[in-house]
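Below: coords23.txt (compact mmCIF, C-alpha atoms)
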```
# COMPACT_ATOMS: atom_id res chain seq x y z
CA MET O 1159 -19.77 25.81 -4.95
CA LYS O 1160 -17.18 23.49 -6.48
CA TYR O 1161 -13.53 24.44 -6.59
CA ALA O 1162 -11.83 21.19 -7.49
CA GLY O 1163 -10.26 22.81 -10.53
CA ARG O 1164 -8.79 25.55 -8.41
CA LEU O 1165 -7.35 23.04 -5.98
CA ALA O 1166 -5.72 21.17 -8.83
CA ALA O 1167 -4.15 24.40 -9.97
CA VAL O 1168 -2.55 25.12 -6.60
CA ALA O 1169 -1.33 21.56 -6.18
CA VAL O 1170 0.84 21.70 -9.29
CA VAL O 1171 4.41 22.36 -8.32
CA GLY O 1172 4.67 25.18 -10.76
CA ALA O 1173 4.70 28.89 -10.37
CA LEU O 1174 1.44 30.44 -9.39
CA SER O 1175 1.38 33.96 -10.60
CA LEU O 1176 0.49 36.24 -7.75
CA ALA O 1177 0.66 39.93 -7.66
CA ALA O 1178 0.98 42.27 -4.82
CA CYS O 1179 -0.78 45.42 -3.84
CA GLY O 1180 2.35 47.32 -4.75
CA THR O 1181 2.16 49.12 -1.44
CA ASP O 1182 2.85 48.38 2.19
CA ASN O 1183 -0.19 50.10 3.63
CA ASN O 1184 -3.76 48.97 4.12
CA ALA O 1185 -5.32 51.66 2.00
CA GLY O 1186 -3.54 50.74 -1.19
CA THR O 1187 -2.26 54.29 -1.75
CA SER O 1188 1.06 55.98 -1.31
CA GLY O 1189 0.01 57.35 2.05
CA THR O 1190 -0.07 55.61 5.41
CA SER O 1191 -3.30 54.38 6.97
CA SER O 1192 -4.17 52.75 10.27
CA ALA O 1193 -3.98 48.98 10.45
CA SER O 1194 -7.65 48.77 11.39
CA ALA O 1195 -8.73 50.46 8.18
CA SER O 1196 -10.19 48.32 5.43
CA ALA O 1197 -7.44 46.93 3.25
CA PRO O 1198 -7.97 47.12 -0.52
CA ALA O 1199 -8.74 44.26 -2.81
CA ALA O 1200 -6.07 43.64 -5.43
CA GLY O 1201 -4.77 47.20 -5.35
CA ASN O 1202 -2.81 48.70 -8.21
CA ASP O 1203 0.35 47.51 -9.91
CA ASN O 1204 2.97 49.98 -8.70
CA GLY O 1205 5.87 48.12 -10.25
CA LEU O 1206 6.46 45.52 -7.53
CA SER O 1207 7.97 42.44 -9.14
CA GLY O 1208 9.85 39.30 -8.25
CA ALA O 1209 9.25 35.74 -7.09
CA ILE O 1210 9.05 34.02 -3.73
CA ASN O 1211 8.43 30.48 -2.54
CA ALA O 1212 5.89 29.48 0.10
CA ALA O 1213 4.68 26.12 1.36
CA GLY O 1214 2.63 24.37 3.99
CA SER O 1215 -1.01 23.83 4.85
CA SER O 1216 -3.06 22.03 2.24
CA ALA O 1217 -6.17 23.12 4.14
CA GLN O 1218 -5.70 26.67 2.85
CA ALA O 1219 -4.91 25.58 -0.72
CA ASN O 1220 -8.33 26.62 -2.01
CA ALA O 1221 -7.92 30.03 -0.37
CA ILE O 1222 -4.48 30.51 -1.93
CA THR O 1223 -5.89 29.60 -5.33
CA GLU O 1224 -8.75 32.08 -5.04
CA TRP O 1225 -6.49 34.85 -3.77
CA THR O 1226 -4.10 34.10 -6.62
CA LYS O 1227 -6.82 34.39 -9.24
CA ASN O 1228 -8.07 37.69 -7.86
CA PHE O 1229 -4.62 39.12 -7.31
CA THR O 1230 -3.26 38.35 -10.77
CA ALA O 1231 -6.28 39.92 -12.42
CA THR O 1232 -4.86 43.38 -11.69
CA ASN O 1233 -1.29 42.75 -10.56
CA PRO O 1234 0.79 40.67 -12.98
CA GLY O 1235 4.22 41.52 -11.62
CA VAL O 1236 4.81 38.97 -8.85
CA THR O 1237 5.11 35.18 -8.85
CA LEU O 1238 4.48 33.02 -5.79
CA ASN O 1239 5.29 29.32 -5.84
CA TYR O 1240 3.05 27.78 -3.16
CA GLN O 1241 3.47 24.08 -2.46
CA PRO O 1242 0.63 22.58 -0.35
CA SER O 1243 3.01 20.10 1.26
CA GLY O 1244 1.37 20.00 4.69
CA SER O 1245 1.86 22.16 7.76
CA GLY O 1246 4.81 20.24 9.17
CA ALA O 1247 6.75 20.32 5.92
CA GLY O 1248 5.94 23.99 5.43
CA VAL O 1249 7.23 24.99 8.87
CA GLN O 1250 10.47 23.05 8.32
CA ALA O 1251 10.93 24.66 4.91
CA PHE O 1252 10.54 28.09 6.54
CA ILE O 1253 13.00 27.27 9.31
CA GLN O 1254 15.51 26.10 6.71
CA GLY O 1255 15.12 29.34 4.75
CA GLN O 1256 13.61 27.67 1.69
CA VAL O 1257 10.38 29.70 1.74
CA ALA O 1258 9.44 33.29 2.58
CA PHE O 1259 6.42 32.22 4.58
CA ALA O 1260 4.80 28.98 5.69
CA GLY O 1261 1.13 28.15 6.01
CA SER O 1262 0.50 26.09 9.14
CA ASP O 1263 -2.72 24.90 10.76
CA SER O 1264 -0.97 25.09 14.13
CA ALA O 1265 1.13 27.86 15.60
CA LEU O 1266 4.84 27.30 16.13
CA LYS O 1267 5.46 25.19 19.23
CA GLU O 1268 8.08 23.31 21.24
CA ASP O 1269 11.50 24.07 19.74
CA GLU O 1270 10.12 25.61 16.54
CA PRO O 1271 9.95 29.28 17.69
CA ALA O 1272 13.66 29.41 18.52
CA GLN O 1273 14.58 27.78 15.21
CA ALA O 1274 12.28 30.12 13.28
CA ASP O 1275 13.68 33.16 15.10
CA ALA O 1276 17.18 32.06 14.13
CA ARG O 1277 16.07 31.88 10.51
CA CYS O 1278 14.78 35.47 10.76
CA LYS O 1279 18.22 36.62 11.99
CA THR O 1280 17.37 40.24 12.93
CA GLY O 1281 13.82 39.70 14.13
CA LYS O 1282 11.30 37.17 15.35
CA ALA O 1283 9.00 34.78 13.54
CA ILE O 1284 5.32 35.55 14.06
CA ASN O 1285 2.12 33.54 13.67
CA ILE O 1286 -0.50 35.51 11.76
CA PRO O 1287 -3.95 33.84 11.63
CA MET O 1288 -5.36 34.32 8.15
CA VAL O 1289 -7.73 31.48 7.27
CA THR O 1290 -10.37 29.93 9.53
CA GLY O 1291 -11.00 26.43 8.24
CA PRO O 1292 -13.80 24.57 9.96
CA VAL O 1293 -12.95 20.87 10.25
CA ALA O 1294 -15.76 18.69 8.94
CA VAL O 1295 -16.36 15.17 10.15
CA VAL O 1296 -17.12 13.54 6.81
CA TYR O 1297 -18.57 10.12 6.18
CA ASN O 1298 -19.85 7.87 3.40
CA LEU O 1299 -22.95 6.04 4.51
CA PRO O 1300 -25.66 5.91 1.81
CA GLY O 1301 -29.16 6.38 3.21
CA VAL O 1302 -27.98 7.95 6.48
CA GLU O 1303 -28.32 11.74 6.38
CA GLY O 1304 -27.81 14.17 9.24
CA LEU O 1305 -25.59 11.86 11.28
CA GLN O 1306 -24.99 13.15 14.82
CA LEU O 1307 -21.88 12.36 16.83
CA THR O 1308 -20.72 13.31 20.30
CA PRO O 1309 -17.01 13.86 21.00
CA LYS O 1310 -16.94 10.68 23.08
CA THR O 1311 -18.31 8.64 20.17
CA LEU O 1312 -15.81 10.23 17.79
CA GLY O 1313 -13.01 9.32 20.17
CA GLY O 1314 -14.18 5.71 20.17
CA ILE O 1315 -14.37 5.61 16.38
CA PHE O 1316 -10.93 7.09 15.74
CA SER O 1317 -9.25 5.01 18.46
CA SER O 1318 -10.64 1.91 16.72
CA LYS O 1319 -12.81 0.94 19.70
CA ILE O 1320 -16.05 1.46 17.76
CA THR O 1321 -15.87 -0.59 14.57
CA LYS O 1322 -19.46 -0.96 13.26
CA TRP O 1323 -21.89 1.73 12.18
CA ASP O 1324 -24.70 0.18 14.24
CA ASP O 1325 -22.68 0.33 17.45
CA ALA O 1326 -24.72 1.21 20.53
CA ALA O 1327 -22.88 4.51 21.01
CA ILE O 1328 -23.72 5.70 17.49
CA LYS O 1329 -27.31 4.53 17.94
CA ALA O 1330 -27.56 6.57 21.15
CA ASP O 1331 -26.44 9.67 19.26
CA ASN O 1332 -28.93 8.95 16.46
CA PRO O 1333 -32.07 7.42 18.03
CA ASP O 1334 -34.21 8.03 14.94
CA ALA O 1335 -31.75 6.76 12.33
CA THR O 1336 -31.58 3.35 10.72
CA LEU O 1337 -27.93 2.42 10.91
CA PRO O 1338 -26.35 -0.42 8.91
CA SER O 1339 -23.89 -2.95 10.31
CA THR O 1340 -21.30 -1.77 7.80
CA PRO O 1341 -17.71 -1.86 9.12
CA ILE O 1342 -16.31 1.58 9.89
CA GLN O 1343 -13.35 2.60 7.76
CA ALA O 1344 -11.67 5.42 9.70
CA PHE O 1345 -9.20 7.50 7.67
CA HIS O 1346 -6.59 9.88 9.06
CA ARG O 1347 -3.85 12.02 7.54
CA SER O 1348 -0.73 9.98 6.78
CA ASP O 1349 1.46 13.09 6.58
CA GLU O 1350 2.16 15.48 9.44
CA SER O 1351 -0.78 17.81 9.45
CA GLY O 1352 -2.08 20.78 11.37
CA THR O 1353 -5.54 19.40 10.69
CA SER O 1354 -4.62 16.25 12.62
CA ASP O 1355 -3.11 18.41 15.36
CA ASN O 1356 -6.31 20.41 15.75
CA PHE O 1357 -8.58 17.38 15.48
CA THR O 1358 -6.63 15.49 18.16
CA LYS O 1359 -6.61 18.62 20.34
CA PHE O 1360 -10.40 18.57 20.08
CA LEU O 1361 -10.53 14.88 21.00
CA LYS O 1362 -8.11 15.34 23.90
CA ALA O 1363 -10.15 18.24 25.30
CA THR O 1364 -13.59 16.71 24.90
CA ALA O 1365 -13.40 12.92 24.55
CA GLU O 1366 -11.75 9.95 26.20
CA TRP O 1367 -8.73 10.25 23.92
CA PRO O 1368 -5.62 8.58 25.40
CA TYR O 1369 -3.05 10.12 23.04
CA GLU O 1370 -1.32 13.48 23.05
CA PRO O 1371 -2.31 15.93 20.29
CA ALA O 1372 0.21 16.01 17.47
CA LYS O 1373 0.62 16.74 13.78
CA ALA O 1374 1.49 13.06 13.29
CA TRP O 1375 -1.41 10.63 13.78
CA PRO O 1376 -0.77 8.24 16.70
CA ALA O 1377 0.09 4.80 15.32
CA GLU O 1378 -1.67 3.15 18.27
CA ALA O 1379 -5.01 4.54 17.12
CA LYS O 1380 -4.69 2.55 13.90
CA GLY O 1381 -7.05 3.35 11.01
CA GLN O 1382 -6.09 4.03 7.39
CA GLY O 1383 -3.90 6.87 6.20
CA ALA O 1384 -4.31 9.22 3.23
CA LYS O 1385 -2.01 12.06 2.25
CA GLY O 1386 -3.21 15.64 2.20
CA SER O 1387 -6.68 17.10 2.48
CA ASP O 1388 -7.44 16.10 -1.08
CA GLY O 1389 -6.34 12.53 -0.35
CA ILE O 1390 -8.69 12.31 2.62
CA ALA O 1391 -11.62 13.66 0.61
CA SER O 1392 -10.98 11.20 -2.22
CA SER O 1393 -10.63 8.24 0.14
CA VAL O 1394 -13.91 8.97 1.90
CA LYS O 1395 -15.75 9.57 -1.36
CA ASP O 1396 -14.53 6.24 -2.76
CA THR O 1397 -15.07 4.07 0.35
CA GLU O 1398 -18.50 3.09 1.66
CA GLY O 1399 -18.48 3.06 5.44
CA ALA O 1400 -15.66 5.61 5.61
CA ILE O 1401 -15.32 8.44 8.11
CA SER O 1402 -12.62 11.09 8.47
CA TYR O 1403 -11.89 14.72 9.24
CA VAL O 1404 -11.09 17.35 6.63
CA GLU O 1405 -11.32 21.09 6.16
CA LEU O 1406 -14.80 22.18 5.09
CA SER O 1407 -13.91 23.43 1.63
CA PHE O 1408 -12.58 20.00 0.67
CA ALA O 1409 -15.73 18.36 2.00
CA GLU O 1410 -17.85 20.67 -0.13
CA ASN O 1411 -15.68 20.24 -3.20
CA SER O 1412 -16.26 16.48 -3.04
CA SER O 1413 -19.94 16.75 -1.98
CA LEU O 1414 -19.27 14.64 1.12
CA GLN O 1415 -21.77 13.96 3.88
CA LYS O 1416 -21.02 16.00 7.00
CA ALA O 1417 -21.94 14.98 10.54
CA LYS O 1418 -23.36 17.29 13.17
CA VAL O 1419 -21.03 17.41 16.17
CA ALA O 1420 -22.03 18.06 19.78
CA ASN O 1421 -20.41 21.07 21.44
CA GLY O 1422 -19.68 21.50 25.14
CA ALA O 1423 -23.33 22.21 25.87
CA GLY O 1424 -24.39 18.91 24.27
CA GLU O 1425 -25.95 20.71 21.31
CA PHE O 1426 -25.54 18.93 17.97
CA VAL O 1427 -24.44 21.68 15.58
CA GLU O 1428 -24.37 21.67 11.80
CA LEU O 1429 -21.11 22.91 10.33
CA THR O 1430 -21.36 26.25 8.52
CA PRO O 1431 -18.92 29.16 8.26
CA GLU O 1432 -21.15 31.03 10.71
CA SER O 1433 -21.28 28.25 13.34
CA ALA O 1434 -17.50 27.81 13.14
CA ALA O 1435 -16.91 31.57 13.42
CA LYS O 1436 -18.69 31.55 16.79
CA THR O 1437 -15.98 29.29 18.20
CA VAL O 1438 -13.13 31.36 16.75
CA GLU O 1439 -14.63 34.55 18.19
CA THR O 1440 -14.09 33.14 21.70
CA ALA O 1441 -10.45 32.18 21.06
CA GLU O 1442 -7.82 33.67 23.35
CA ILE O 1443 -4.64 35.21 21.94
CA LYS O 1444 -1.74 33.49 23.70
CA GLY O 1445 1.04 35.12 21.68
CA THR O 1446 2.60 38.44 22.55
CA GLY O 1447 3.01 41.58 20.47
CA ASN O 1448 2.33 40.81 16.83
CA ASP O 1449 2.54 37.05 17.39
CA LEU O 1450 -1.14 36.11 17.26
CA ALA O 1451 -1.09 32.43 18.21
CA LEU O 1452 -4.58 31.50 19.45
CA SER O 1453 -5.94 29.18 22.11
CA ILE O 1454 -9.24 27.66 20.95
CA ASP O 1455 -11.90 26.40 23.35
CA TYR O 1456 -12.88 23.08 21.78
CA ALA O 1457 -15.42 22.51 24.54
CA THR O 1458 -17.21 25.79 23.86
CA LYS O 1459 -20.73 26.06 25.24
CA THR O 1460 -21.64 29.03 23.07
CA ALA O 1461 -25.06 28.42 21.54
CA GLY O 1462 -24.84 27.39 17.91
CA ALA O 1463 -21.04 27.08 17.97
CA TYR O 1464 -19.47 24.25 15.97
CA PRO O 1465 -16.52 23.06 18.07
CA ILE O 1466 -13.94 21.66 15.62
CA VAL O 1467 -12.11 24.49 13.92
CA LEU O 1468 -8.59 25.18 12.81
CA VAL O 1469 -6.91 28.45 12.06
CA THR O 1470 -4.24 28.51 9.37
CA TYR O 1471 -1.39 30.84 10.25
CA GLU O 1472 0.94 32.51 7.79
CA ILE O 1473 4.29 32.20 9.57
CA THR O 1474 6.92 34.69 8.54
CA CYS O 1475 9.51 37.09 9.93
CA GLU O 1476 8.30 40.28 11.57
CA LYS O 1477 11.78 41.57 10.70
CA GLY O 1478 14.65 39.88 8.95
CA LEU O 1479 13.40 38.72 5.57
CA PRO O 1480 15.55 39.71 2.59
CA ALA O 1481 14.23 43.02 1.25
CA ASP O 1482 12.87 41.60 -1.99
CA GLN O 1483 10.96 38.87 -0.13
CA GLN O 1484 9.74 41.26 2.57
CA LYS O 1485 8.05 43.60 0.10
CA ILE O 1486 6.18 40.80 -1.64
CA VAL O 1487 5.16 38.99 1.56
CA LYS O 1488 3.90 42.18 3.18
CA SER O 1489 1.97 43.27 0.11
CA PHE O 1490 0.41 39.84 -0.41
CA LEU O 1491 -0.65 39.48 3.23
CA THR O 1492 -2.03 43.02 3.16
CA TYR O 1493 -4.34 41.80 0.40
CA THR O 1494 -5.30 38.53 2.10
CA ALA O 1495 -6.28 40.46 5.25
CA SER O 1496 -8.31 42.97 3.24
CA ASP O 1497 -12.10 43.11 3.32
CA GLU O 1498 -12.33 41.61 -0.15
CA GLY O 1499 -9.65 39.02 0.52
CA GLN O 1500 -11.48 37.77 3.60
CA ALA O 1501 -14.92 38.01 1.97
CA ALA O 1502 -13.74 35.70 -0.80
CA LEU O 1503 -13.19 32.95 1.75
CA LYS O 1504 -16.81 32.50 2.73
CA GLU O 1505 -17.94 31.17 -0.63
CA LEU O 1506 -15.07 28.66 -0.46
CA GLY O 1507 -16.30 27.16 2.79
CA TYR O 1508 -13.98 29.07 5.13
CA ALA O 1509 -15.03 31.44 7.91
CA PRO O 1510 -13.70 35.00 7.39
CA LEU O 1511 -11.89 36.77 10.21
CA SER O 1512 -13.68 39.74 11.72
CA GLY O 1513 -13.75 42.24 14.54
CA ALA O 1514 -10.87 42.76 16.94
CA LEU O 1515 -8.92 39.75 15.68
CA LEU O 1516 -8.91 41.03 12.10
CA THR O 1517 -7.72 44.44 13.32
CA LYS O 1518 -4.83 42.76 15.15
CA VAL O 1519 -3.98 40.74 12.03
CA ARG O 1520 -3.74 43.91 9.96
CA THR O 1521 -1.53 45.51 12.60
CA ALA O 1522 0.78 42.49 12.54
CA VAL O 1523 1.03 42.57 8.75
CA GLU O 1524 1.78 46.29 8.77
CA ALA O 1525 4.66 45.62 11.20
CA ILE O 1526 6.50 43.37 8.72
CA SER O 1527 9.70 45.20 7.77
```
The structure in this file should be written as structure tokens.
Amino acid sequence: MKYAGRLAAVAVVGALSLAACGTDNNAGTSGTSSASASAPAAGNDNGLSGAINAAGSSAQANAITEWTKNFTATNPGVTLNYQPSGSGAGVQAFIQGQVAFAGSDSALKEDEPAQADARCKTGKAINIPMVTGPVAVVYNLPGVEGLQLTPKTLGGIFSSKITKWDDAAIKADNPDATLPSTPIQAFHRSDESGTSDNFTKFLKATAEWPYEPAKAWPAEAKGQGAKGSDGIASSVKDTEGAISYVELSFAENSSLQKAKVANGAGEFVELTPESAAKTVETAEIKGTGNDLALSIDYATKTAGAYPIVLVTYEITCEKGLPADQQKIVKSFLTYTASDEGQAALKELGYAPLSGALLTKVRTAVEAIS
């Protein structure tokens, strides 16, 4: 399905009208329900109104747009201004108190938790996983379908050591393909990005990647930069011989070719929401309490598991938001964690949360006060 129009809508720095469930519980009624119960869809308008700002991950922009459309259909009272400025910018905006929550494709790390806790004043900042965005390796090579790449080959390409499409390493991964001698044009995110952070974590864990994982692309690796997920998708689409990494929904929006990537068992796996979900299901929760920061096994040997995934966290205060912001944030996240909110993600190219992790997410949202 194509959602380019929806992406354009979320990218405009204007107000996106969102509404909230109008209730702080998962059942969408005036009573209290358990966090593991199914959350409602858009709920009912119980008079909740106001406006908040949010910013961060561009990888979840299509999800925010879809949630916005569904939410405003029945709840016209709340406005959310979401700026898809990138994970790094979103986290800094949250720390500085400019937004009520940040979307980030990486959990808070290094000195960020202490700064975020200080912003929350009376509570702690928590990482709540909400969107699973499989990271597609996208390329533009007419006549070459079903490209297969091992992590080692990807590391060589993105460190600028492999520069031609008919390189011996790529041929070894694709013995039956006819590969051209076209120069490789490797694109990376020019802005600080959780997608880059997750992609370089994958390379560090599985390939001969000499650089430390980071939101900022290592200058030593060279390549060409493009801003935002939409910028990457456009650059690959417009450049023959290009290759890059981008969240699956953007790859599908632009009808880009997607490579199969070998997992830890050496199995070349096609990227689908289902194959990505298998990797997320094995993730370990490294946070404590309602902080649900995850540790992903990028070298997973699970059969049929696609190894490059990112999880977008909604970072907010468990306690300490101003009351007007707290009510809107809690109600909105109650919806996004609902059965319908998560189900809407699949047709956008994301992998919905499920099982024990989704139950923990709902518990964390219910704890916001």
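The spacing separating atom CA of O:Pro1368 from atom CA of O:Asp1355 amounts to 14.3 Å.
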* So how far away is atom CA of O:Ser1215 from atom CA of O:Phe1408, in Å? -> 12.9 Å
* **For O:Glu1366: contacts at 7 Å, all atoms listed in the file, fewer than 4 positions along chain excluded, given as a list in words** => Lys1310, Gly1313 and Lys1362 of chain O
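Shortest atom-to-atom contact with O:Val1289 among O:Ala1217, O:Ala1372, O:Val1394, O:Ile1342: O:Ala1217, counting all atoms listed in the file.
As for atom CA of O:Asp1334 and atom CA of O:Tyr1297, they are spaced 18.0 Å apart.
With only C-alpha atoms as the atoms that count, the minimum distance from O:Ile1210 to the choices O:Leu1337, O:Ile1443, O:Leu1479, O:Ala1258 is reached by O:Ala1258.
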* Mind checking which residues fall within 6 Å of stretch 1239-1245 of chain O, counting all atoms listed in the file, ignoring those fewer than 2 positions away in the same chain, and posting them as a PyMOL selection string? => chain O and resi 1173-1174+1211-1216+1247-1248+1262+1351-1352
Around the point (1.3, 30.5, 15.2) (coordinates from the file), which residues reach within 6 Å if we count all atoms listed in the file? Answer as a PDB file with C-alpha atoms, in the frame of the given file.
```
ATOM      1  CA  SER O1264      -0.970  25.090  14.130  1.00  0.00           C
ATOM      2  CA  ALA O1265       1.130  27.860  15.600  1.00  0.00           C
ATOM      3  CA  LEU O1266       4.840  27.300  16.130  1.00  0.00           C
ATOM      4  CA  ASN O1285       2.120  33.540  13.670  1.00  0.00           C
ATOM      5  CA  ALA O1451      -1.090  32.430  18.210  1.00  0.00           C
ATOM      6  CA  TYR O1471      -1.390  30.840  10.250  1.00  0.00           C
TER       7      TYR O1471
END
```
* Can you work out which one of O:Leu1299, O:Ile1466, O:Leu1307, O:Ala1481 has the shortest atom-to-atom distance to O:Ala1330, counting only C-alpha atoms? => O:Leu1307
Would it be fine to have stretch 1507-1515 of chain O, with all heavy atoms, given as a JSON list (two decimals), in the first residue's frame?
```json
[["chain", "number", "residue", "atom", "x", "y", "z"],
["O", 1507, "GLY", "N", 3.55, -1.52, 6.88],
["O", 1507, "GLY", "CA", 4.88, -2.07, 6.76],
["O", 1507, "GLY", "C", 5.63, -2.20, 8.07],
["O", 1507, "GLY", "O", 6.81, -2.52, 8.09],
["O", 1508, "TYR", "N", 4.95, -1.96, 9.19],
["O", 1508, "TYR", "CA", 5.55, -2.16, 10.50],
["O", 1508, "TYR", "C", 5.15, -3.54, 11.03],
["O", 1508, "TYR", "O", 4.25, -4.18, 10.51],
["O", 1508, "TYR", "CB", 5.07, -1.09, 11.48],
["O", 1508, "TYR", "CG", 5.37, 0.33, 11.10],
["O", 1508, "TYR", "CD1", 4.39, 1.13, 10.50],
["O", 1508, "TYR", "CD2", 6.61, 0.91, 11.35],
["O", 1508, "TYR", "CE1", 4.65, 2.46, 10.15],
["O", 1508, "TYR", "CE2", 6.87, 2.23, 11.02],
["O", 1508, "TYR", "CZ", 5.89, 2.99, 10.41],
["O", 1508, "TYR", "OH", 6.14, 4.30, 10.07],
["O", 1509, "ALA", "N", 5.82, -3.96, 12.10],
["O", 1509, "ALA", "CA", 5.46, -5.23, 12.74],
["O", 1509, "ALA", "C", 4.80, -4.92, 14.08],
["O", 1509, "ALA", "O", 5.44, -4.34, 14.96],
["O", 1509, "ALA", "CB", 6.72, -6.08, 12.97],
["O", 1510, "PRO", "N", 3.53, -5.26, 14.27],
["O", 1510, "PRO", "CA", 2.83, -4.96, 15.52],
["O", 1510, "PRO", "C", 3.47, -5.65, 16.72],
["O", 1510, "PRO", "O", 4.03, -6.75, 16.60],
["O", 1510, "PRO", "CB", 1.42, -5.49, 15.27],
["O", 1510, "PRO", "CG", 1.29, -5.55, 13.78],
["O", 1510, "PRO", "CD", 2.65, -5.89, 13.27],
["O", 1511, "LEU", "N", 3.39, -5.03, 17.87],
["O", 1511, "LEU", "CA", 3.81, -5.66, 19.12],
["O", 1511, "LEU", "C", 2.79, -6.72, 19.50],
["O", 1511, "LEU", "O", 1.62, -6.64, 19.12],
["O", 1511, "LEU", "CB", 3.91, -4.63, 20.24],
["O", 1511, "LEU", "CG", 4.87, -3.46, 20.04],
["O", 1511, "LEU", "CD1", 4.73, -2.48, 21.20],
["O", 1511, "LEU", "CD2", 6.30, -3.95, 19.92],
["O", 1512, "SER", "N", 3.24, -7.72, 20.26],
["O", 1512, "SER", "CA", 2.30, -8.76, 20.66],
["O", 1512, "SER", "C", 2.79, -9.41, 21.95],
["O", 1512, "SER", "O", 3.88, -9.12, 22.44],
["O", 1512, "SER", "CB", 2.17, -9.83, 19.55],
["O", 1512, "SER", "OG", 3.42, -10.46, 19.31],
["O", 1513, "GLY", "N", 1.97, -10.30, 22.47],
["O", 1513, "GLY", "CA", 2.36, -11.14, 23.59],
["O", 1513, "GLY", "C", 2.75, -10.40, 24.85],
["O", 1513, "GLY", "O", 2.20, -9.35, 25.19],
["O", 1514, "ALA", "N", 3.76, -10.95, 25.53],
["O", 1514, "ALA", "CA", 4.17, -10.42, 26.83],
["O", 1514, "ALA", "C", 4.70, -8.99, 26.72],
["O", 1514, "ALA", "O", 4.47, -8.17, 27.63],
["O", 1514, "ALA", "CB", 5.24, -11.33, 27.44],
["O", 1515, "LEU", "N", 5.37, -8.67, 25.62],
["O", 1515, "LEU", "CA", 5.91, -7.32, 25.48],
["O", 1515, "LEU", "C", 4.78, -6.30, 25.40],
["O", 1515, "LEU", "O", 4.84, -5.24, 26.04],
["O", 1515, "LEU", "CB", 6.81, -7.22, 24.25],
["O", 1515, "LEU", "CG", 7.40, -5.83, 23.98],
["O", 1515, "LEU", "CD1", 8.23, -5.36, 25.17],
["O", 1515, "LEU", "CD2", 8.25, -5.85, 22.71]]
```
